[in-house]
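Novice: Once you've had a glance at the structure underneath, I'll fire off some questions.
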Amino acid sequence: MEHVAVNGGRRPTVQEIADVLRERIRVGDYKAGDRMPTQAELADEFSVERALVRQVLRALHAEGLLTDSSRGSPPRVAGHQAPRSEPEPTMVLLEPRLAEAFTAPQVRVDAVCVTLLTLTLALGEPLRLIHGSRIGPRSIDFRILLPSLDIDLASPVPVDDDGHQAQVHQRWLAMRNAQGHVLRHNLLALRSAHGIDVQVAFRTLPFTPQVNLYLLNGEQALTGYCMPMRGEEESDHESLEMYDLMGSRSLLFSFETRSGSRDAAFVEHSQKWFDALWETTTTDMTLSW
């Protein structure tokens, strides 16, 4: 498999290189405390750019397989090897996982979220890599589920029921629409600039999700609770106290099919749950201006 990935006439993905290095660590080719090969050596071996090698090393470090590297030196193999990465804040973990997913020839991202702010910001790195010609997927397919405005949103809501509910919902709708237009524009721009087949679709949920879910290429499921928090916002020159869901500050838990049967089952059933929602109780969403 290693020779196929390295010498099979195509550039291996981040996941394929990580699998090779992970196996070398498992069988003892790289022992605890050993220095890893340099980025230049790995880039030459796998016939890829150093930027892709750095993504591989970051992924293995996040899993606990590698230690922090000193300046100018490759990382060492960790003595204690965690089976998978510890949960990290959504804004920390989502961007590198998206960048890794975008190295695949066909990219598929399914997301359930309250707003699009976190996803839009996390797309910055994979878009930069594409525009810099460092990665080049052939197709990108995004499907996104968001709460409908036709329901009584569980969040955001005013702390006191003083007639501000409609105002809060209208501001939330305007924010969601703006984020949706930015996300869709940034993705569709890849079609004209790089000839990538891009599809972006939105549907609305008949409930307010309390958990964010990101499914990447059918191989990873990233999920985190949206924590209710009390805060203040300025509205029409007055301070409005409200409860809102803060998904970007919540811990994101990662499950991967390659991490064993338990993780694989979670990814599989999360995908089935998303597909069922998409095909049954959700409705098409049009972004208004």
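As shown in the structure tokens, the chain order sets the letters A, B, ...; within each chain, residues go from 1, and ligands are also counted from 1 in the order they appear.
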I'd like the neighbourhood of His61 (chain A) as a list in words, where a residue qualifies if any of its atoms comes within 9 Å (using only C-alpha atoms), though same-chain residues fewer than 5 positions away should be ignored.
Specialist: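 Answer for this query is Val56, Leu66, Thr67, Asp68, Pro75, Ala78 and Ser85 of chain A.
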Novice: Give me the residues of region 85-196 of chain A that have any atom at most 7 Å from an atom of region 12-25 of chain A; for each, the nearest atom pair and the distance in Å, rounded to one decimal. Use only C-alpha atoms, sort by chain and number, and format it as CSV.
Specialist:
```
residue,atom,partner,partner_atom,distance
A:Glu100,CA,A:Val14,CA,6.1
A:Thr103,CA,A:Thr13,CA,5.9
A:Ala104,CA,A:Thr13,CA,6.3
```
Novice: Using only C-alpha atoms, which protein or nucleic acid residues come within 8 Å of Leu216 (chain A)? Drop anything in the same chain fewer than 5 positions from it, and give the result as a ChimeraX atom specification.
Specialist: /A:98,101,107-110,221
Novice: Considering only C-alpha atoms, tabulate each residue of region 40-131 of chain A that lies at most 12 Å from region 155-172 of chain A along with its nearest interatomic pair and the corresponding distance in Å to one decimal; arrange the rows by chain and ascending residue number and present them as a Markdown table.
Specialist:
```
| residue | atom | partner | partner_atom | distance |
| --- | --- | --- | --- | --- |
| A:Val114 | CA | A:Ser155 | CA | 8.8 |
| A:Thr115 | CA | A:Trp172 | CA | 8.7 |
| A:Leu116 | CA | A:Trp172 | CA | 11.2 |
| A:Leu117 | CA | A:Trp172 | CA | 11.7 |
```
Novice: Write down as a VMD selection string the residues belonging to region 10-146 of chain A that are assigned strand (DSSP E) by DSSP computed on the backbone.
Specialist: chain A and resid 88 to 89 106 to 112 139 to 146
Novice: To one decimal place, how far is CA of Gln55 (chain A) from CA of Cys226 (chain A) in Å?
Specialist: 27.4 Å
Novice: Report the distance between CA of Asp34 (chain A) and CA of Val77 (chain A) in Å, rounded to one decimal place.
Specialist: 5.5 Å
Novice: How would you write, as a ChimeraX atom specification, the set of residues in region 74-283 of chain A that DSSP gives as helix (DSSP H, G or I)?
Specialist: /A:90-101,117-122,124-131,165-194,257-259,261-279
Novice: For region 262-272 of chain A, list every protein, DNA or RNA residue within 9 Å, evaluated using only C-alpha atoms, and leave out those in the same chain fewer than 2 positions away; present the list as JSON, numbers by chain.
Specialist: {"A": [110, 213, 215, 218, 219, 220, 221, 222, 254, 255, 256, 257, 258, 259, 260, 274, 275, 276, 277]}
Novice: Could those residues be written to a file, using N, CA, C and O atoms, as a short mmCIF file (atom, residue, chain, number, x, y, z; two decimals), in the first residue's frame?
Specialist:
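Result file is out29.cif:
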```
data_model
loop_
_atom_site.label_atom_id
_atom_site.label_comp_id
_atom_site.auth_asym_id
_atom_site.auth_seq_id
_atom_site.Cartn_x
_atom_site.Cartn_y
_atom_site.Cartn_z
N ASP A 110 -20.70 17.91 4.89
CA ASP A 110 -22.07 18.04 5.36
C ASP A 110 -22.02 18.66 6.74
O ASP A 110 -21.23 18.23 7.60
N LEU A 213 -22.42 19.70 13.96
CA LEU A 213 -21.89 18.47 13.39
C LEU A 213 -21.28 18.77 12.04
O LEU A 213 -21.92 19.40 11.19
N LEU A 215 -19.35 16.70 8.92
CA LEU A 215 -18.98 15.41 8.34
C LEU A 215 -18.08 15.67 7.14
O LEU A 215 -18.48 16.37 6.20
N GLY A 218 -17.13 11.69 4.43
CA GLY A 218 -17.64 10.41 4.92
C GLY A 218 -16.66 9.65 5.79
O GLY A 218 -16.90 8.49 6.12
N GLU A 219 -15.56 10.31 6.19
CA GLU A 219 -14.50 9.64 6.95
C GLU A 219 -14.29 10.23 8.33
O GLU A 219 -13.70 9.59 9.20
N GLN A 220 -14.76 11.45 8.55
CA GLN A 220 -14.60 12.10 9.85
C GLN A 220 -15.93 12.72 10.27
O GLN A 220 -16.67 13.26 9.44
N ALA A 221 -16.18 12.67 11.57
CA ALA A 221 -17.31 13.37 12.16
C ALA A 221 -16.76 14.22 13.30
O ALA A 221 -16.12 13.70 14.22
N LEU A 222 -16.99 15.52 13.22
CA LEU A 222 -16.58 16.45 14.26
C LEU A 222 -17.84 17.02 14.87
O LEU A 222 -18.68 17.58 14.17
N SER A 254 -13.62 14.63 17.87
CA SER A 254 -13.31 14.08 16.55
C SER A 254 -13.47 12.57 16.54
O SER A 254 -13.00 11.88 17.45
N PHE A 255 -14.13 12.07 15.51
CA PHE A 255 -14.27 10.64 15.28
C PHE A 255 -13.86 10.34 13.84
O PHE A 255 -14.29 11.04 12.92
N GLU A 256 -13.04 9.31 13.66
CA GLU A 256 -12.53 8.98 12.33
C GLU A 256 -12.69 7.49 12.06
O GLU A 256 -12.49 6.66 12.96
N THR A 257 -13.05 7.14 10.83
CA THR A 257 -13.26 5.74 10.49
C THR A 257 -12.00 4.91 10.68
O THR A 257 -12.06 3.73 11.00
N ARG A 258 -10.82 5.54 10.50
CA ARG A 258 -9.55 4.81 10.61
C ARG A 258 -9.14 4.57 12.06
O ARG A 258 -8.14 3.89 12.31
N SER A 259 -9.90 5.11 13.03
CA SER A 259 -9.50 4.99 14.43
C SER A 259 -10.13 3.79 15.13
O SER A 259 -10.03 3.66 16.35
N GLY A 260 -10.81 2.92 14.38
CA GLY A 260 -11.38 1.74 14.99
C GLY A 260 -12.88 1.63 14.76
O GLY A 260 -13.52 2.55 14.25
N PHE A 274 -27.72 12.52 9.10
CA PHE A 274 -27.73 13.73 8.26
C PHE A 274 -28.50 13.47 6.98
O PHE A 274 -29.35 14.28 6.58
N ASP A 275 -28.22 12.36 6.31
CA ASP A 275 -28.89 12.05 5.04
C ASP A 275 -30.40 11.94 5.23
O ASP A 275 -31.19 12.39 4.38
N ALA A 276 -30.80 11.33 6.36
CA ALA A 276 -32.24 11.19 6.62
C ALA A 276 -32.90 12.55 6.82
O ALA A 276 -34.00 12.80 6.30
N LEU A 277 -32.24 13.44 7.56
CA LEU A 277 -32.78 14.79 7.73
C LEU A 277 -32.88 15.51 6.39
O LEU A 277 -33.88 16.15 6.08
#
```
Novice: Please determine, counting only C-alpha atoms, which residue among A:Leu60, A:Ile196, A:Ala174, A:Leu245 has the shortest atom-to-atom distance to Leu149 (chain A).
Specialist: A:Ala174
Novice: Counting only C-alpha atoms, what is within 12 Å of Arg128 (chain A), bar same-chain residues fewer than 4 positions away, as a list in words?
Specialist: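 The residues satisfying every condition are Ala51, Glu95, Leu98, Ala99, Phe102, Leu121, Ala122, Leu123, Gly124, Gly132, Ser133, Arg134, Ile135, Gly136, Asn186, Leu187 and Leu190 of chain A.
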Novice: With a distance cut-off of 12 Å and only C-alpha atoms, select the neighbouring residues of Gln210 (chain A), excluding the residue or stretch itself and same-chain residues fewer than 4 positions from it, and output the selection as a PyMOL selection string.
Specialist: chain A and resi 112-115+146-147+153-156+205+223-228+244-247+250
Novice: Can you write out the residues you just picked, keeping C-alpha atoms, as a PDB file, in the first residue's frame?
Specialist:
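To be explicit, this is the file written out as selection_14.pdb:
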```pdb
ATOM      1  CA  VAL A 112     -25.491  20.944  10.850  1.00  0.00           C
ATOM      2  CA  CYS A 113     -25.035  24.270  12.625  1.00  0.00           C
ATOM      3  CA  VAL A 114     -26.850  27.224  14.136  1.00  0.00           C
ATOM      4  CA  THR A 115     -24.960  29.871  12.158  1.00  0.00           C
ATOM      5  CA  LEU A 146     -29.615  25.478   9.433  1.00  0.00           C
ATOM      6  CA  PRO A 147     -32.607  26.246  11.662  1.00  0.00           C
ATOM      7  CA  LEU A 153     -35.921  29.694  17.737  1.00  0.00           C
ATOM      8  CA  ALA A 154     -34.599  28.279  20.995  1.00  0.00           C
ATOM      9  CA  SER A 155     -31.668  30.665  20.611  1.00  0.00           C
ATOM     10  CA  PRO A 156     -30.943  33.521  20.416  1.00  0.00           C
ATOM     11  CA  LEU A 205     -34.380  22.357   9.982  1.00  0.00           C
ATOM     12  CA  THR A 223     -19.211  17.332  16.818  1.00  0.00           C
ATOM     13  CA  GLY A 224     -19.526  19.767  19.703  1.00  0.00           C
ATOM     14  CA  TYR A 225     -22.221  21.063  22.016  1.00  0.00           C
ATOM     15  CA  CYS A 226     -23.388  24.648  21.461  1.00  0.00           C
ATOM     16  CA  MET A 227     -23.101  26.130  24.938  1.00  0.00           C
ATOM     17  CA  PRO A 228     -25.916  28.505  25.995  1.00  0.00           C
ATOM     18  CA  ASP A 244     -27.221  32.702  22.639  1.00  0.00           C
ATOM     19  CA  LEU A 245     -25.482  29.485  21.598  1.00  0.00           C
ATOM     20  CA  MET A 246     -21.699  29.743  21.322  1.00  0.00           C
ATOM     21  CA  GLY A 247     -20.566  26.907  19.067  1.00  0.00           C
ATOM     22  CA  SER A 250     -17.206  24.795  22.492  1.00  0.00           C
TER      23      SER A 250
END
```
Novice: State, in Å with one decimal place, the distance from CA of Leu65 (chain A) to CA of Ser47 (chain A).
Specialist: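 Value for the CA of Leu65 (chain A)-CA of Ser47 (chain A) distance: 22.9 Å.
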Novice: Excluding same-chain residues fewer than 6 positions from Pro206 (chain A), what lies within 7 Å of it counting only C-alpha atoms, as a list of chain:residue names?
Specialist: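 Returned residues: A:Pro147, A:Ser148, A:Ile151, A:Thr282.
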